[in-house]
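Structure first, then comments.
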Amino acid sequence: MLIDAALGPAHRWLPGNSGVRFLDALAKRPDRVKTRVGKLVDELGRIVTGTSELAPPPKDRRFADPEWSNNPLLKRIVQAYLAANELAEGLVEDAPMEWRDAERMKFVLSNILEAAAPSNNPLISPVAWKTFFASNGSNTVSGPRNLLRDFASSPRIPAMVEPDAFKVGVDLGITPGAVVYRTEMFELIQYLPQTETVRELPLLIVPPTINKYYVLDLAPGRSLVEYLVRQGQQVFMISWRNPDERHRDWGTDAYAEAVIDAFSVVDRIAGVGAVHTMAACSGGLIACMAAAHRAQTGSIGKLASLNLLVTMIDQNRAGVAGSLIDESIAHAAIARSQSKGYLDGRTLAEVFAWLRPADLVWNYWVNNYLQGKTPPKFDILFWNADTTRMPAALHRDFIEIALHNKLATADAVTVLGTPIDLGKITVDSYVVAGSADHICPWTNCYRSAQLLGGKVRFVLSTNGHIAALVNPPGNRKSSYQVSESNSLDPTDWRGAAATVQGSWWPDYAAWLGDRSGQTKPAAATLGNVDFRPLGVAPGSYVMAT
């Protein structure tokens, strides 16, 4: 995804050599092509005569309007579209290709097919026409206006949320706290205790380096930080600075050193000699490298536990994202960000959207342009649109690590002058993955947990990359699978692991509490004599655009 974001949409939509190999594979299977085309012709005949039984799945929201099935012409258009889908998907299945080519072709074809859906066409969409008559045609004015606004600047995709739908520090990121330490690279937030007593060992959270930290401190009732503080946990949070071209040389060494620096400050404020670390996504990669460095330098004993959220260390066969990478395009992507000094987070947001085009692109195409509406307020999507830049050096380091799956091999990566071996991280770990994660597939997160040297509790939560994390108690649809045995392969683990209804947050709070020592009276003030509060949370770095 880092490569795709740097190289732009042409790379995403064109299959390149994978397309050539796909056509070559089909040429070697003319019998299968003939059979598939024959089935399509037969199905089209049934569609014309009205005897086809093709119908969209009941949960396909694109064709939920009853006119798609009641109107004979619209019904046939949908059936022809579904028949074409079956042909395209069948040809990919029939073509003998290696994993990378197959994933890339599925990605390209799925994007083309989603774009071609009749529901996206304003001339035949029942939703568009019903809105036209209900609004006296105002959608034909507001829709194009929304289109021009959204495509005037990056990311050039339909807006998923209005830019003024929320305000950080007012609606989001409002758990009380203070910035107790600031460097050129980050601010360190300490949260105000909300219980009379707190557990001795504090928790340091390392957020992703993409987007801003408050995904873990969303609105009240949906904030993991708020929940943990109310369980009596001392919580600290890194808030990364939004870098620009001046910070082009910030790579994995600089970020790992920043995590170690923050860890040291938390340790000095808490004064108990050990600190838990929780990290998410790209922050998890950095935290793992920092922890492995500390293991090599003899200071792993200060790490009370390592907790990873949707963190993909083992990047072997990492879904569609993994299929987009090879040596030549990797070097081209690195050169692109080096010339600018950073990777613009807006281009990365565009890549994320095209990984799930039905939900994150065409759904809003219909809402914003065909109906001329504003998208509904949703805190996660507001956070997703509040992008940050990535320094060129970190972009380069992440790509080079992923290119050869280096973190999965002991001593293949060097950080702060020490070779990295994740097996030497011997502390207990709590690892969370999302069952529908399209960015960090859960199977890769599971294999990543197997690289750690300590005892691991692996949790597979429902939902995708972010919704799996923003999972407060009370959601009846939520569940998770959990086990402290990760010796099985992913498929066998999923069949054997226990399923628990509800959110994983209470399970994590209990697990963390068991490893956080005794309770003590909560401090009346934040920081200490050496680290006095510099301002209230959420701080200043999170506000930077």
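Naming scheme: A, B, ... for chains in displayed order of the structure tokens; residues 1 onward per chain; ligands 1 onward as shown.
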
message = Env of Tyr227 of chain A: 9 Å cut, atoms = only C-alpha atoms, seq-sep filter 2 positions within chain, self excluded. Answer as a list in words.
response = Gly221, Arg222, Ser223, Leu224, Val225, Val229, Arg230, Gln231, Pro472, Trp505, Pro506 and Ala509 of chain A

message = Neighbouring residues of Pro357 of chain A were defined as those with any atom within 10 Å, considering only C-alpha atoms; residues of the same chain fewer than 5 positions away were excluded. Please report them as a ChimeraX atom specification.
response = /A:110-112,114-115,351-352,362-364

message = Just want the 8 Å neighbourhood of Ile260 of chain A, counted on only C-alpha atoms, with same-chain residues fewer than 4 positions away dropped. Output as a PyMOL selection string.
response = chain A and resi 256+264+290

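Among the residues of segment 44-185 of chain A, backbone DSSP assigns strand (DSSP E or B) to Val168, Leu172, Gly177, Ala178, Val179, Val180, Tyr181 and Arg182 of chain A.
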
inquiry  = At a cut-off of 8 Å, using only C-alpha atoms, what residues contact Gly372 of chain A? Leave out same-chain residues fewer than 2 positions from it and give the result as a list in words.
reply    = Ser138, Asn139, Thr140, Val141, Ser142, Gly143, Pro144, Asn146, Asn367, Asn368, Tyr369, Leu370 and Thr374 of chain A

Kindly provide the residues of segment 467-533 of chain A that approach segment 268-289 of chain A to within 12 Å, each paired with its closest atom pair and their distance in Å to one decimal, based on only C-alpha atoms, listed by chain and increasing number, as JSON lines.
```
{"residue": "A:Ala468", "atom": "CA", "partner": "A:Ala280", "partner_atom": "CA", "distance": 11.6}
{"residue": "A:Leu469", "atom": "CA", "partner": "A:Ala280", "partner_atom": "CA", "distance": 9.3}
{"residue": "A:Tyr508", "atom": "CA", "partner": "A:Met278", "partner_atom": "CA", "distance": 11.0}
{"residue": "A:Trp511", "atom": "CA", "partner": "A:His276", "partner_atom": "CA", "distance": 11.7}
{"residue": "A:Leu512", "atom": "CA", "partner": "A:His276", "partner_atom": "CA", "distance": 8.4}
{"residue": "A:Gly513", "atom": "CA", "partner": "A:His276", "partner_atom": "CA", "distance": 10.7}
{"residue": "A:Asp514", "atom": "CA", "partner": "A:His276", "partner_atom": "CA", "distance": 12.0}
{"residue": "A:Arg515", "atom": "CA", "partner": "A:His276", "partner_atom": "CA", "distance": 8.9}
{"residue": "A:Ser516", "atom": "CA", "partner": "A:His276", "partner_atom": "CA", "distance": 8.2}
{"residue": "A:Gly517", "atom": "CA", "partner": "A:Val272", "partner_atom": "CA", "distance": 9.6}
{"residue": "A:Gln518", "atom": "CA", "partner": "A:Val272", "partner_atom": "CA", "distance": 10.9}
{"residue": "A:Lys520", "atom": "CA", "partner": "A:Ala270", "partner_atom": "CA", "distance": 11.3}
{"residue": "A:Ala522", "atom": "CA", "partner": "A:Ala270", "partner_atom": "CA", "distance": 11.1}
{"residue": "A:Ala523", "atom": "CA", "partner": "A:Ala270", "partner_atom": "CA", "distance": 10.0}
{"residue": "A:Thr525", "atom": "CA", "partner": "A:Ile269", "partner_atom": "CA", "distance": 11.3}
{"residue": "A:Leu526", "atom": "CA", "partner": "A:Ile269", "partner_atom": "CA", "distance": 8.8}
{"residue": "A:Gly527", "atom": "CA", "partner": "A:Ile269", "partner_atom": "CA", "distance": 6.0}
{"residue": "A:Asn528", "atom": "CA", "partner": "A:Ile269", "partner_atom": "CA", "distance": 6.1}
{"residue": "A:Val529", "atom": "CA", "partner": "A:Ile269", "partner_atom": "CA", "distance": 8.9}
{"residue": "A:Asp530", "atom": "CA", "partner": "A:Ile269", "partner_atom": "CA", "distance": 8.2}
{"residue": "A:Phe531", "atom": "CA", "partner": "A:Ile269", "partner_atom": "CA", "distance": 7.5}
{"residue": "A:Arg532", "atom": "CA", "partner": "A:Ile269", "partner_atom": "CA", "distance": 10.0}
{"residue": "A:Pro533", "atom": "CA", "partner": "A:Ile269", "partner_atom": "CA", "distance": 11.7}
```

Please produce a file of those selected residues containing N, CA, C and O atoms, as a CSV table (one decimal), in the first residue's frame.
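Saved to result_16.csv:
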```csv
chain,number,residue,atom,x,y,z
A,468,ALA,N,-12.4,-3.3,14.5
A,468,ALA,CA,-12.0,-4.4,15.5
A,468,ALA,C,-11.5,-3.8,16.8
A,468,ALA,O,-11.5,-4.4,17.8
A,469,LEU,N,-10.9,-2.6,16.7
A,469,LEU,CA,-10.3,-1.9,17.8
A,469,LEU,C,-11.3,-1.0,18.5
A,469,LEU,O,-11.3,-1.0,19.8
A,508,TYR,N,-9.0,-7.8,27.9
A,508,TYR,CA,-7.7,-7.2,27.9
A,508,TYR,C,-7.5,-6.4,29.2
A,508,TYR,O,-6.4,-6.5,29.8
A,511,TRP,N,-6.6,-9.0,31.8
A,511,TRP,CA,-5.2,-9.5,31.5
A,511,TRP,C,-4.2,-8.5,31.9
A,511,TRP,O,-3.2,-8.9,32.6
A,512,LEU,N,-4.4,-7.2,31.5
A,512,LEU,CA,-3.4,-6.2,31.9
A,512,LEU,C,-3.3,-6.0,33.4
A,512,LEU,O,-2.3,-5.8,34.0
A,513,GLY,N,-4.5,-6.0,34.0
A,513,GLY,CA,-4.6,-5.7,35.5
A,513,GLY,C,-3.8,-6.8,36.2
A,513,GLY,O,-3.2,-6.5,37.3
A,514,ASP,N,-3.9,-8.1,35.8
A,514,ASP,CA,-3.2,-9.1,36.5
A,514,ASP,C,-1.7,-9.0,36.4
A,514,ASP,O,-0.9,-9.6,37.2
A,515,ARG,N,-1.2,-8.1,35.5
A,515,ARG,CA,0.3,-7.9,35.3
A,515,ARG,C,0.7,-6.5,35.7
A,515,ARG,O,1.8,-6.1,35.3
A,516,SER,N,-0.1,-5.8,36.4
A,516,SER,CA,0.2,-4.4,36.7
A,516,SER,C,0.4,-4.1,38.2
A,516,SER,O,0.4,-3.0,38.6
A,517,GLY,N,0.7,-5.2,38.9
A,517,GLY,CA,1.1,-4.9,40.3
A,517,GLY,C,-0.1,-4.6,41.2
A,517,GLY,O,-1.2,-4.8,40.9
A,518,GLN,N,0.3,-4.0,42.4
A,518,GLN,CA,-0.7,-3.6,43.4
A,518,GLN,C,-1.4,-2.3,43.0
A,518,GLN,O,-0.9,-1.6,42.1
A,520,LYS,N,-2.6,1.6,44.2
A,520,LYS,CA,-2.1,2.7,45.0
A,520,LYS,C,-3.0,3.9,44.8
A,520,LYS,O,-3.7,4.0,43.8
A,522,ALA,N,-4.5,7.2,43.6
A,522,ALA,CA,-4.2,8.0,42.3
A,522,ALA,C,-3.6,9.3,42.7
A,522,ALA,O,-3.9,10.0,43.6
A,523,ALA,N,-2.6,9.7,41.8
A,523,ALA,CA,-2.0,11.0,42.0
A,523,ALA,C,-3.0,12.2,41.8
A,523,ALA,O,-3.8,12.1,40.9
A,525,THR,N,-2.0,15.1,40.8
A,525,THR,CA,-1.5,16.0,39.7
A,525,THR,C,-0.8,15.1,38.6
A,525,THR,O,-0.4,13.9,39.0
A,526,LEU,N,-0.7,15.6,37.4
A,526,LEU,CA,0.0,14.8,36.4
A,526,LEU,C,1.4,15.2,36.3
A,526,LEU,O,1.8,16.3,36.7
A,527,GLY,N,2.2,14.3,35.7
A,527,GLY,CA,3.7,14.5,35.6
A,527,GLY,C,4.3,14.4,36.9
A,527,GLY,O,3.8,13.8,37.9
A,528,ASN,N,5.5,15.0,37.0
A,528,ASN,CA,6.2,15.1,38.3
A,528,ASN,C,7.1,16.3,38.3
A,528,ASN,O,7.0,17.2,37.4
A,529,VAL,N,8.0,16.4,39.2
A,529,VAL,CA,8.8,17.6,39.3
A,529,VAL,C,9.7,17.8,38.1
A,529,VAL,O,10.1,18.9,37.7
A,530,ASP,N,10.1,16.7,37.4
A,530,ASP,CA,10.9,16.8,36.2
A,530,ASP,C,10.1,17.0,34.9
A,530,ASP,O,10.6,17.4,33.9
A,531,PHE,N,8.9,16.6,35.0
A,531,PHE,CA,8.0,16.6,33.8
A,531,PHE,C,6.7,17.2,34.1
A,531,PHE,O,5.7,16.6,34.4
A,532,ARG,N,6.7,18.6,34.1
A,532,ARG,CA,5.5,19.3,34.5
A,532,ARG,C,4.6,19.4,33.2
A,532,ARG,O,5.1,19.5,32.1
A,533,PRO,N,3.3,19.5,33.4
A,533,PRO,CA,2.4,19.6,32.3
A,533,PRO,C,2.6,20.8,31.5
A,533,PRO,O,2.9,21.9,32.0
```
